[in-house]
$ cat my_file_12.pdb   # PDB, C-alpha atoms, pLDDT in the B column
ATOM      1  CA  MET F   1      15.923 -15.992 -17.275  1.00 45.00           C
ATOM      2  CA  GLU F   2      13.595 -13.317 -15.864  1.00 47.00           C
ATOM      3  CA  PRO F   3      10.430 -14.486 -14.088  1.00 50.00           C
ATOM      4  CA  VAL F   4       7.500 -14.551 -16.515  1.00 46.00           C
ATOM      5  CA  GLU F   5       5.237 -12.563 -14.158  1.00 46.00           C
ATOM      6  CA  GLU F   6       7.673  -9.657 -13.853  1.00 45.00           C
ATOM      7  CA  LYS F   7       8.352  -9.558 -17.581  1.00 46.00           C
ATOM      8  CA  LEU F   8       4.643  -9.423 -18.398  1.00 42.00           C
ATOM      9  CA  SER F   9       3.981  -6.665 -15.852  1.00 47.00           C
ATOM     10  CA  VAL F  10       6.480  -4.408 -17.607  1.00 49.00           C
ATOM     11  CA  THR F  11       5.678  -5.188 -21.227  1.00 42.00           C
ATOM     12  CA  GLU F  12       1.875  -5.094 -20.936  1.00 56.00           C
ATOM     13  CA  THR F  13       1.605  -1.737 -19.162  1.00 56.00           C
ATOM     14  CA  GLY F  14       4.883  -0.053 -20.115  1.00 68.00           C
ATOM     15  CA  GLU F  15       5.595   0.543 -16.402  1.00 72.00           C
ATOM     16  CA  SER F  16       7.859  -1.169 -13.918  1.00 85.00           C
ATOM     17  CA  PRO F  17       6.298  -2.541 -10.703  1.00 86.00           C
ATOM     18  CA  GLN F  18       7.632   0.528  -8.856  1.00 87.00           C
ATOM     19  CA  GLU F  19       6.016   2.880 -11.383  1.00 90.00           C
ATOM     20  CA  GLN F  20       2.755   0.970 -11.135  1.00 92.00           C
ATOM     21  CA  ALA F  21       2.824   1.311  -7.335  1.00 92.00           C
ATOM     22  CA  PHE F  22       3.482   5.060  -7.659  1.00 95.00           C
ATOM     23  CA  SER F  23       0.578   5.465 -10.098  1.00 94.00           C
ATOM     24  CA  ARG F  24      -1.760   3.534  -7.816  1.00 95.00           C
ATOM     25  CA  ALA F  25      -0.793   5.667  -4.826  1.00 95.00           C
ATOM     26  CA  ALA F  26      -1.345   8.879  -6.803  1.00 95.00           C
ATOM     27  CA  ILE F  27      -4.747   7.726  -8.071  1.00 94.00           C
ATOM     28  CA  MET F  28      -5.971   6.640  -4.637  1.00 93.00           C
ATOM     29  CA  LEU F  29      -4.909   9.975  -3.133  1.00 92.00           C
ATOM     30  CA  LEU F  30      -6.789  11.815  -5.866  1.00 90.00           C
ATOM     31  CA  LYS F  31      -9.876   9.787  -4.941  1.00 86.00           C
ATOM     32  CA  GLY F  32      -9.796  10.749  -1.262  1.00 83.00           C
ATOM     33  CA  VAL F  33      -8.279  10.140   2.149  1.00 86.00           C
ATOM     34  CA  VAL F  34      -5.922   7.161   2.409  1.00 89.00           C
ATOM     35  CA  SER F  35      -5.239   5.435   5.735  1.00 87.00           C
ATOM     36  CA  ARG F  36      -2.942   2.668   6.862  1.00 87.00           C
ATOM     37  CA  GLY F  37      -5.852   0.834   8.432  1.00 81.00           C
ATOM     38  CA  GLN F  38      -7.582   0.456   5.083  1.00 82.00           C
ATOM     39  CA  ASP F  39      -4.595  -0.545   2.943  1.00 89.00           C
ATOM     40  CA  GLU F  40      -1.246  -1.334   4.549  1.00 93.00           C
ATOM     41  CA  ALA F  41       0.617  -1.830   1.239  1.00 94.00           C
ATOM     42  CA  LEU F  42      -0.684   1.444  -0.165  1.00 95.00           C
ATOM     43  CA  TRP F  43       0.257   3.307   3.015  1.00 95.00           C
ATOM     44  CA  GLN F  44       3.815   1.948   2.897  1.00 95.00           C
ATOM     45  CA  GLU F  45       4.122   2.967  -0.752  1.00 95.00           C
ATOM     46  CA  ILE F  46       3.064   6.521   0.128  1.00 96.00           C
ATOM     47  CA  LEU F  47       5.717   6.650   2.851  1.00 96.00           C
ATOM     48  CA  ASN F  48       8.373   5.142   0.584  1.00 95.00           C
ATOM     49  CA  GLN F  49       7.685   7.587  -2.249  1.00 95.00           C
ATOM     50  CA  LYS F  50       6.572  10.530  -0.140  1.00 96.00           C
ATOM     51  CA  THR F  51       8.967  13.067  -1.678  1.00 95.00           C
ATOM     52  CA  SER F  52       8.295  11.958  -5.265  1.00 96.00           C
ATOM     53  CA  LEU F  53       4.540  12.069  -4.715  1.00 96.00           C
ATOM     54  CA  GLN F  54       4.710  15.519  -3.143  1.00 95.00           C
ATOM     55  CA  ASP F  55       6.765  16.799  -6.086  1.00 95.00           C
ATOM     56  CA  TYR F  56       4.307  15.272  -8.559  1.00 95.00           C
ATOM     57  CA  PHE F  57       1.250  16.828  -6.930  1.00 95.00           C
ATOM     58  CA  HIS F  58       3.006  20.167  -6.481  1.00 93.00           C
ATOM     59  CA  ARG F  59       3.247  20.429 -10.271  1.00 93.00           C
ATOM     60  CA  ILE F  60      -0.553  20.344 -10.564  1.00 92.00           C
ATOM     61  CA  GLY F  61      -1.242  22.717  -7.685  1.00 92.00           C
ATOM     62  CA  LEU F  62      -1.908  20.196  -4.931  1.00 93.00           C
ATOM     63  CA  ALA F  63      -0.240  19.612  -1.576  1.00 92.00           C
ATOM     64  CA  MET F  64      -0.017  16.119  -0.117  1.00 93.00           C
ATOM     65  CA  VAL F  65      -0.417  16.013   3.659  1.00 92.00           C
ATOM     66  CA  VAL F  66       0.853  12.938   5.522  1.00 93.00           C
ATOM     67  CA  ASP F  67      -0.060  12.492   9.186  1.00 90.00           C
ATOM     68  CA  GLU F  68       2.278   9.719  10.313  1.00 90.00           C
ATOM     69  CA  LEU F  69       0.951   9.797  13.893  1.00 85.00           C
ATOM     70  CA  ASP F  70      -2.662   8.995  12.979  1.00 83.00           C
ATOM     71  CA  GLU F  71      -1.561   7.293   9.728  1.00 88.00           C
ATOM     72  CA  PHE F  72      -3.586   9.266   7.191  1.00 89.00           C
ATOM     73  CA  ALA F  73      -2.692  10.991   3.939  1.00 92.00           C
ATOM     74  CA  TRP F  74      -4.780  13.310   1.751  1.00 89.00           C
ATOM     75  CA  LEU F  75      -4.558  16.106  -0.778  1.00 90.00           C
ATOM     76  CA  LYS F  76      -5.481  19.753  -0.463  1.00 87.00           C
ATOM     77  CA  GLN F  77      -5.394  22.668  -2.852  1.00 86.00           C
ATOM     78  CA  ALA F  78      -2.236  24.767  -2.787  1.00 84.00           C
ATOM     79  CA  GLU F  79      -3.894  28.179  -2.559  1.00 78.00           C
ATOM     80  CA  ASP F  80      -0.903  30.072  -3.991  1.00 79.00           C
ATOM     81  CA  SER F  81      -0.318  27.830  -7.009  1.00 78.00           C
ATOM     82  CA  GLY F  82      -2.158  30.081  -9.486  1.00 82.00           C
ATOM     83  CA  LEU F  83      -3.505  26.942 -11.210  1.00 83.00           C
ATOM     84  CA  PRO F  84      -7.162  25.979 -11.778  1.00 84.00           C
ATOM     85  CA  ARG F  85      -8.703  24.473  -8.662  1.00 81.00           C
ATOM     86  CA  LEU F  86      -8.753  20.674  -8.602  1.00 81.00           C
ATOM     87  CA  VAL F  87     -10.144  20.374  -5.065  1.00 72.00           C
ATOM     88  CA  PRO F  88     -13.472  22.214  -5.063  1.00 65.00           C
ATOM     89  CA  ARG F  89     -15.122  23.711  -2.010  1.00 66.00           C
ATOM     90  CA  TYR F  90     -18.743  23.019  -1.256  1.00 60.00           C
ATOM     91  CA  PRO F  91     -20.934  24.746   1.326  1.00 65.00           C
ATOM     92  CA  LEU F  92     -22.239  22.317   3.928  1.00 71.00           C
ATOM     93  CA  SER F  93     -25.836  22.180   5.038  1.00 77.00           C
ATOM     94  CA  TYR F  94     -26.753  23.173   8.589  1.00 76.00           C
ATOM     95  CA  ASN F  95     -27.484  19.544   9.521  1.00 85.00           C
ATOM     96  CA  LEU F  96     -24.238  18.137   8.128  1.00 86.00           C
ATOM     97  CA  SER F  97     -22.242  20.931   9.746  1.00 81.00           C
ATOM     98  CA  MET F  98     -23.778  20.103  13.117  1.00 85.00           C
ATOM     99  CA  LEU F  99     -23.012  16.391  12.743  1.00 91.00           C
ATOM    100  CA  LEU F 100     -19.356  17.096  11.968  1.00 88.00           C
ATOM    101  CA  VAL F 101     -19.131  19.413  14.967  1.00 86.00           C
ATOM    102  CA  GLN F 102     -20.495  16.683  17.242  1.00 90.00           C
ATOM    103  CA  LEU F 103     -18.054  14.130  15.800  1.00 92.00           C
ATOM    104  CA  ARG F 104     -15.143  16.524  16.215  1.00 89.00           C
ATOM    105  CA  LYS F 105     -16.109  17.098  19.858  1.00 85.00           C
ATOM    106  CA  MET F 106     -16.170  13.318  20.398  1.00 87.00           C
ATOM    107  CA  LEU F 107     -12.617  13.079  19.081  1.00 85.00           C
ATOM    108  CA  GLY F 108     -11.485  15.792  21.469  1.00 78.00           C
ATOM    109  CA  GLU F 109     -13.219  14.208  24.454  1.00 79.00           C
ATOM    110  CA  HIS F 110     -11.902  10.690  23.849  1.00 72.00           C
ATOM    111  CA  ASN F 111      -8.439  11.650  22.592  1.00 60.00           C
ATOM    112  CA  PRO F 112      -6.913  14.544  24.576  1.00 52.00           C
ATOM    113  CA  VAL F 113      -3.948  16.422  23.117  1.00 48.00           C
ATOM    114  CA  GLY F 114      -1.023  14.061  22.595  1.00 46.00           C
ATOM    115  CA  VAL F 115      -3.171  10.923  22.881  1.00 49.00           C
ATOM    116  CA  SER F 116      -4.238   8.862  19.888  1.00 55.00           C
ATOM    117  CA  GLY F 117      -6.749   6.014  19.759  1.00 67.00           C
ATOM    118  CA  ARG F 118      -9.795   4.784  17.878  1.00 80.00           C
ATOM    119  CA  VAL F 119     -13.084   6.519  18.638  1.00 89.00           C
ATOM    120  CA  ILE F 120     -16.074   4.288  17.931  1.00 92.00           C
ATOM    121  CA  VAL F 121     -19.596   5.696  17.893  1.00 93.00           C
ATOM    122  CA  ARG F 122     -22.918   3.952  17.324  1.00 94.00           C
ATOM    123  CA  PHE F 123     -25.706   5.135  15.067  1.00 95.00           C
ATOM    124  CA  ASP F 124     -28.016   5.677  18.064  1.00 94.00           C
ATOM    125  CA  ASP F 125     -25.394   7.936  19.677  1.00 93.00           C
ATOM    126  CA  MET F 126     -25.308  10.145  16.577  1.00 94.00           C
ATOM    127  CA  LEU F 127     -29.090  10.101  16.406  1.00 93.00           C
ATOM    128  CA  ARG F 128     -29.355  11.371  19.986  1.00 92.00           C
ATOM    129  CA  CYS F 129     -26.771  14.121  19.574  1.00 90.00           C
ATOM    130  CA  MET F 130     -28.477  15.353  16.394  1.00 90.00           C
ATOM    131  CA  GLU F 131     -32.058  15.418  17.709  1.00 86.00           C
ATOM    132  CA  PRO F 132     -31.750  18.932  19.249  1.00 82.00           C
ATOM    133  CA  PHE F 133     -30.851  20.354  15.836  1.00 79.00           C
ATOM    134  CA  LEU F 134     -33.504  18.622  13.731  1.00 81.00           C
ATOM    135  CA  PRO F 135     -37.140  19.682  13.273  1.00 76.00           C
ATOM    136  CA  VAL F 136     -39.674  17.644  15.227  1.00 73.00           C
ATOM    137  CA  GLN F 137     -41.134  14.926  13.026  1.00 68.00           C
ATOM    138  CA  ALA F 138     -44.314  12.975  13.701  1.00 64.00           C
ATOM    139  CA  ASN F 139     -42.703  10.064  11.883  1.00 77.00           C
ATOM    140  CA  GLU F 140     -39.628   8.857  13.784  1.00 83.00           C
ATOM    141  CA  MET F 141     -38.517   6.949  10.708  1.00 87.00           C
ATOM    142  CA  LYS F 142     -38.114  10.265   8.897  1.00 87.00           C
ATOM    143  CA  VAL F 143     -35.677  11.443  11.576  1.00 88.00           C
ATOM    144  CA  ARG F 144     -33.675   8.226  11.294  1.00 90.00           C
ATOM    145  CA  GLN F 145     -33.542   8.543   7.519  1.00 91.00           C
ATOM    146  CA  THR F 146     -32.291  12.123   7.821  1.00 91.00           C
ATOM    147  CA  VAL F 147     -29.469  11.083  10.152  1.00 94.00           C
ATOM    148  CA  GLU F 148     -28.634   8.089   7.937  1.00 94.00           C
ATOM    149  CA  HIS F 149     -28.309  10.491   4.995  1.00 93.00           C
ATOM    150  CA  LEU F 150     -25.948  12.726   6.983  1.00 94.00           C
ATOM    151  CA  ILE F 151     -23.836   9.769   8.090  1.00 94.00           C
ATOM    152  CA  ARG F 152     -23.486   8.546   4.505  1.00 92.00           C
ATOM    153  CA  ALA F 153     -22.275  12.019   3.538  1.00 90.00           C
ATOM    154  CA  ALA F 154     -19.697  11.984   6.359  1.00 90.00           C
ATOM    155  CA  VAL F 155     -18.524   8.540   5.210  1.00 89.00           C
ATOM    156  CA  ARG F 156     -18.097   9.763   1.622  1.00 84.00           C
ATOM    157  CA  MET F 157     -16.079  12.715   2.891  1.00 82.00           C
ATOM    158  CA  GLY F 158     -13.761  10.351   4.764  1.00 83.00           C
ATOM    159  CA  PHE F 159     -14.668  11.499   8.281  1.00 88.00           C
ATOM    160  CA  LEU F 160     -16.544   8.334   9.298  1.00 91.00           C
ATOM    161  CA  LEU F 161     -15.772   4.681   8.592  1.00 89.00           C
ATOM    162  CA  ARG F 162     -18.365   1.932   9.005  1.00 89.00           C
ATOM    163  CA  ILE F 163     -16.765  -0.809  11.102  1.00 88.00           C
ATOM    164  CA  LYS F 164     -18.780  -3.673   9.622  1.00 83.00           C
ATOM    165  CA  GLU F 165     -20.967  -3.798   6.531  1.00 79.00           C
ATOM    166  CA  GLY F 166     -24.573  -3.537   7.655  1.00 73.00           C
ATOM    167  CA  GLY F 167     -23.561  -2.698  11.229  1.00 80.00           C
ATOM    168  CA  GLU F 168     -24.290   0.437  13.242  1.00 89.00           C
ATOM    169  CA  ASP F 169     -20.800   1.095  14.618  1.00 92.00           C
ATOM    170  CA  TYR F 170     -18.603   3.757  13.017  1.00 94.00           C
ATOM    171  CA  GLU F 171     -15.068   4.945  13.578  1.00 92.00           C
ATOM    172  CA  VAL F 172     -14.628   8.718  13.775  1.00 92.00           C
ATOM    173  CA  ARG F 173     -11.502   9.197  11.701  1.00 89.00           C
ATOM    174  CA  PRO F 174      -8.803  11.451  13.200  1.00 86.00           C
ATOM    175  CA  VAL F 175      -8.373  13.248   9.863  1.00 85.00           C
ATOM    176  CA  LEU F 176     -11.459  15.272  10.850  1.00 86.00           C
ATOM    177  CA  CYS F 177      -9.248  17.206  13.296  1.00 82.00           C
ATOM    178  CA  HIS F 178      -7.267  18.628  10.386  1.00 79.00           C
ATOM    179  CA  PHE F 179     -10.404  19.964   8.708  1.00 77.00           C
ATOM    180  CA  VAL F 180     -12.148  21.164  11.843  1.00 73.00           C
ATOM    181  CA  ASP F 181      -9.390  22.515  14.067  1.00 67.00           C
ATOM    182  CA  ALA F 182      -9.441  23.756  17.659  1.00 65.00           C
ATOM    183  CA  GLN F 183      -9.396  27.415  16.628  1.00 66.00           C
ATOM    184  CA  TRP F 184     -12.495  26.953  14.500  1.00 64.00           C
ATOM    185  CA  LEU F 185     -14.230  25.128  17.360  1.00 66.00           C
ATOM    186  CA  ASP F 186     -13.471  28.053  19.678  1.00 69.00           C
ATOM    187  CA  GLU F 187     -15.126  30.391  17.202  1.00 68.00           C
ATOM    188  CA  PHE F 188     -18.002  27.972  16.781  1.00 65.00           C
ATOM    189  CA  ALA F 189     -18.583  27.855  20.542  1.00 66.00           C
ATOM    190  CA  ARG F 190     -19.298  31.581  20.475  1.00 67.00           C
ATOM    191  CA  LYS F 191     -21.849  31.028  17.726  1.00 66.00           C
ATOM    192  CA  LEU F 192     -23.360  27.871  19.168  1.00 64.00           C
ATOM    193  CA  GLU F 193     -26.121  29.675  21.058  1.00 66.00           C
ATOM    194  CA  GLU F 194     -27.347  31.156  17.771  1.00 67.00           C
ATOM    195  CA  TYR F 195     -27.385  27.761  16.068  1.00 62.00           C
ATOM    196  CA  GLU F 196     -29.075  26.082  19.029  1.00 63.00           C
ATOM    197  CA  ALA F 197     -31.738  28.784  18.967  1.00 68.00           C
ATOM    198  CA  LEU F 198     -32.234  28.098  15.271  1.00 67.00           C
ATOM    199  CA  GLY F 199     -32.544  24.397  16.039  1.00 65.00           C
ATOM    200  CA  ARG F 200     -35.185  25.058  18.702  1.00 66.00           C
ATOM    201  CA  GLU F 201     -37.093  27.291  16.325  1.00 70.00           C
ATOM    202  CA  ARG F 202     -37.039  24.680  13.596  1.00 65.00           C
ATOM    203  CA  ARG F 203     -38.217  21.984  15.986  1.00 62.00           C
ATOM    204  CA  ARG F 204     -41.019  24.202  17.306  1.00 67.00           C
ATOM    205  CA  ASP F 205     -42.211  25.109  13.823  1.00 64.00           C
ATOM    206  CA  GLY F 206     -41.731  21.595  12.434  1.00 59.00           C
ATOM    207  CA  GLU F 207     -39.707  23.198   9.685  1.00 55.00           C
ATOM    208  CA  SER F 208     -37.694  21.086   7.264  1.00 50.00           C
ATOM    209  CA  ARG F 209     -35.426  23.182   5.089  1.00 48.00           C
ATOM    210  CA  THR F 210     -33.681  21.870   2.028  1.00 45.00           C
ATOM    211  CA  ASP F 211     -29.899  21.761   1.776  1.00 45.00           C
ATOM    212  CA  ALA F 212     -30.103  24.437  -0.915  1.00 41.00           C
ATOM    213  CA  GLU F 213     -31.866  26.767   1.515  1.00 41.00           C
ATOM    214  CA  GLU F 214     -29.370  26.021   4.267  1.00 41.00           C
ATOM    215  CA  GLY F 215     -26.247  26.005   2.102  1.00 39.00           C
ATOM    216  CA  GLY F 216     -23.950  28.857   2.903  1.00 38.00           C
ATOM    217  CA  LEU F 217     -25.100  29.130   6.521  1.00 39.00           C
ATOM    218  CA  MET F 218     -21.774  27.596   7.491  1.00 42.00           C
ATOM    219  CA  ASP F 219     -20.047  27.667   4.124  1.00 40.00           C
ATOM    220  CA  GLU F 220     -16.615  28.099   5.662  1.00 38.00           C
ATOM    221  CA  PHE F 221     -17.038  25.245   8.112  1.00 39.00           C
ATOM    222  CA  VAL F 222     -14.632  22.799   6.504  1.00 38.00           C
ATOM    223  CA  ARG F 223     -11.666  24.345   4.752  1.00 36.00           C
ATOM    224  CA  ASN F 224     -10.271  22.615   1.694  1.00 36.00           C
ATOM    225  CA  GLU F 225     -13.391  20.468   1.598  1.00 37.00           C
ATOM    226  CA  LYS F 226     -13.353  17.964  -1.252  1.00 38.00           C
ATOM    227  CA  GLY F 227     -17.072  17.346  -1.415  1.00 38.00           C
ATOM    228  CA  SER F 228     -18.390  13.905  -2.330  1.00 35.00           C
ATOM    229  CA  ARG F 229     -15.679  11.429  -3.147  1.00 35.00           C
TER     230      ARG F 229
END
$ encode --input "my_file_12.pdb" --output "structure tokens"
Amino acid sequence: MEPVEEKLSVTETGESPQEQAFSRAAIMLLKGVVSRGQDEALWQEILNQKTSLQDYFHRIGLAMVVDELDEFAWLKQAEDSGLPRLVPRYPLSYNLSMLLVQLRKMLGEHNPVGVSGRVIVRFDDMLRCMEPFLPVQANEMKVRQTVEHLIRAAVRMGFLLRIKEGGEDYEVRPVLCHFVDAQWLDEFARKLEEYEALGRERRRDGESRTDAEEGGLMDEFVRNEKGSR
């Protein structure tokens, strides 16, 4: 006689355990970046059904990217599919763009080409590296709140992972390298003087622009950006 648990799993949902695992993997990929470190079983299912998942997403105009070295998987829009866009692009604010640049530089400094390892950064480290690009505030708490807001955005985008709930340590996720590549950083380096000058001007004037005013300044910063997840 079949085990009761297995029989119920098929009759109640109309799917076999393998189909349920496939559906879960597809749904989690649609929600954002998936990593082995966050869910070992899910990661193994993605590897086991890699071809089937890629075929499934191809039908709806998406490409599944699997980085087996850094153990990440995510979806991006297949630009030549001719189908409506499922992965929207959003312009990033000046402040968020600068934070992602600093995080990407940290990855490059700690993990040279061909080397892979966890890069952990504290909140205070991100606060210090962002200060040159933020307007001077009489209230230091306002500066901290601004950086906290940017960090939360980077977490939602899958580029940062809080190590411990309520803690101040974050892992810079290697997937950021695929969105902000070395070629883009080379181009950015040539523009950096302009952005640093803008940062100095904003600090001198005490200016605090809204994201809407800044949006588009670096609207091609992250390609295939998924926005808030």
$ atom_distance --input "my_file_12.pdb" --atom1 "atom CA of Val180 of chain F" --atom2 "atom CA of Arg104 of chain F"
7.0 Å
$ resolve_selection --input "my_file_12.pdb" --expression "the PyMOL selection byres ((chain F and resi 63) around 10)" --output "list in words"
Leu53, Gln54, Asp55, Tyr56, Phe57, His58, Arg59, Ile60, Gly61, Leu62, Met64, Val65, Val66, Trp74, Leu75, Lys76, Gln77, Ala78, Glu79 and Ser81 of chain F
$ resolve_selection --input "my_file_12.pdb" --expression "the PyMOL selection byres ((chain F and resi 68) around 10)" --output "ChimeraX atom specification"
/F:35-36,43,47,65-67,69-73
$ write_last_selection --input "my_file_12.pdb" --atoms "C-alpha atoms" --output "short mmCIF file (atom, residue, chain, number, x, y, z; two decimals), in the coordinates of the input"
data_model
loop_
_atom_site.label_atom_id
_atom_site.label_comp_id
_atom_site.auth_asym_id
_atom_site.auth_seq_id
_atom_site.Cartn_x
_atom_site.Cartn_y
_atom_site.Cartn_z
CA SER F 35 -5.24 5.44 5.74
CA ARG F 36 -2.94 2.67 6.86
CA TRP F 43 0.26 3.31 3.02
CA LEU F 47 5.72 6.65 2.85
CA VAL F 65 -0.42 16.01 3.66
CA VAL F 66 0.85 12.94 5.52
CA ASP F 67 -0.06 12.49 9.19
CA LEU F 69 0.95 9.80 13.89
CA ASP F 70 -2.66 8.99 12.98
CA GLU F 71 -1.56 7.29 9.73
CA PHE F 72 -3.59 9.27 7.19
CA ALA F 73 -2.69 10.99 3.94
#
$ closest_residue --input "my_file_12.pdb" --among "F:Arg118, F:Glu40, F:Arg144, F:Asp125" --to "Val175 of chain F" --atoms "only C-alpha atoms"
F:Arg118
$ closest_residue --input "my_file_12.pdb" --among "F:Asp124, F:Arg85, F:Leu134, F:Val172" --to "Met98 of chain F" --atoms "only C-alpha atoms"
F:Leu134
$ resolve_selection --input "my_file_12.pdb" --expression "the PyMOL selection byres ((chain F and resi 119) around 8)" --output "CSV table (one decimal) with C-alpha atoms, in the coordinates of the input"
chain,number,residue,atom,x,y,z
F,106,MET,CA,-16.2,13.3,20.4
F,107,LEU,CA,-12.6,13.1,19.1
F,110,HIS,CA,-11.9,10.7,23.8
F,111,ASN,CA,-8.4,11.6,22.6
F,117,GLY,CA,-6.7,6.0,19.8
F,118,ARG,CA,-9.8,4.8,17.9
F,120,ILE,CA,-16.1,4.3,17.9
F,121,VAL,CA,-19.6,5.7,17.9
F,171,GLU,CA,-15.1,4.9,13.6
F,172,VAL,CA,-14.6,8.7,13.8
F,173,ARG,CA,-11.5,9.2,11.7
$ atom_distance --input "my_file_12.pdb" --atom1 "atom CA of Leu30 of chain F" --atom2 "atom CA of Val101 of chain F"
25.4 Å
$ closest_residue --input "my_file_12.pdb" --among "F:Asn139, F:Arg152, F:Leu99, F:Arg162" --to "Leu176 of chain F" --atoms "only C-alpha atoms"
F:Leu99
$ atom_distance --input "my_file_12.pdb" --atom1 "atom CA of Glu45 of chain F" --atom2 "atom CA of Ala25 of chain F"
6.9 Å
$ axis_aligned_box --input "my_file_12.pdb" --around "segment 172-179 of chain F" --padding-each-side "4 Å" --output "lines of an AutoDock Vina configuration file"
center_x = -10.9
center_y = 14.3
center_z = 11.2
size_x = 15.4
size_y = 19.2
size_z = 13.1
$ closest_residue --input "my_file_12.pdb" --among "F:Gln18, F:Gln44, F:Thr146, F:Ser52" --to "Leu96 of chain F" --atoms "only C-alpha atoms"
F:Thr146
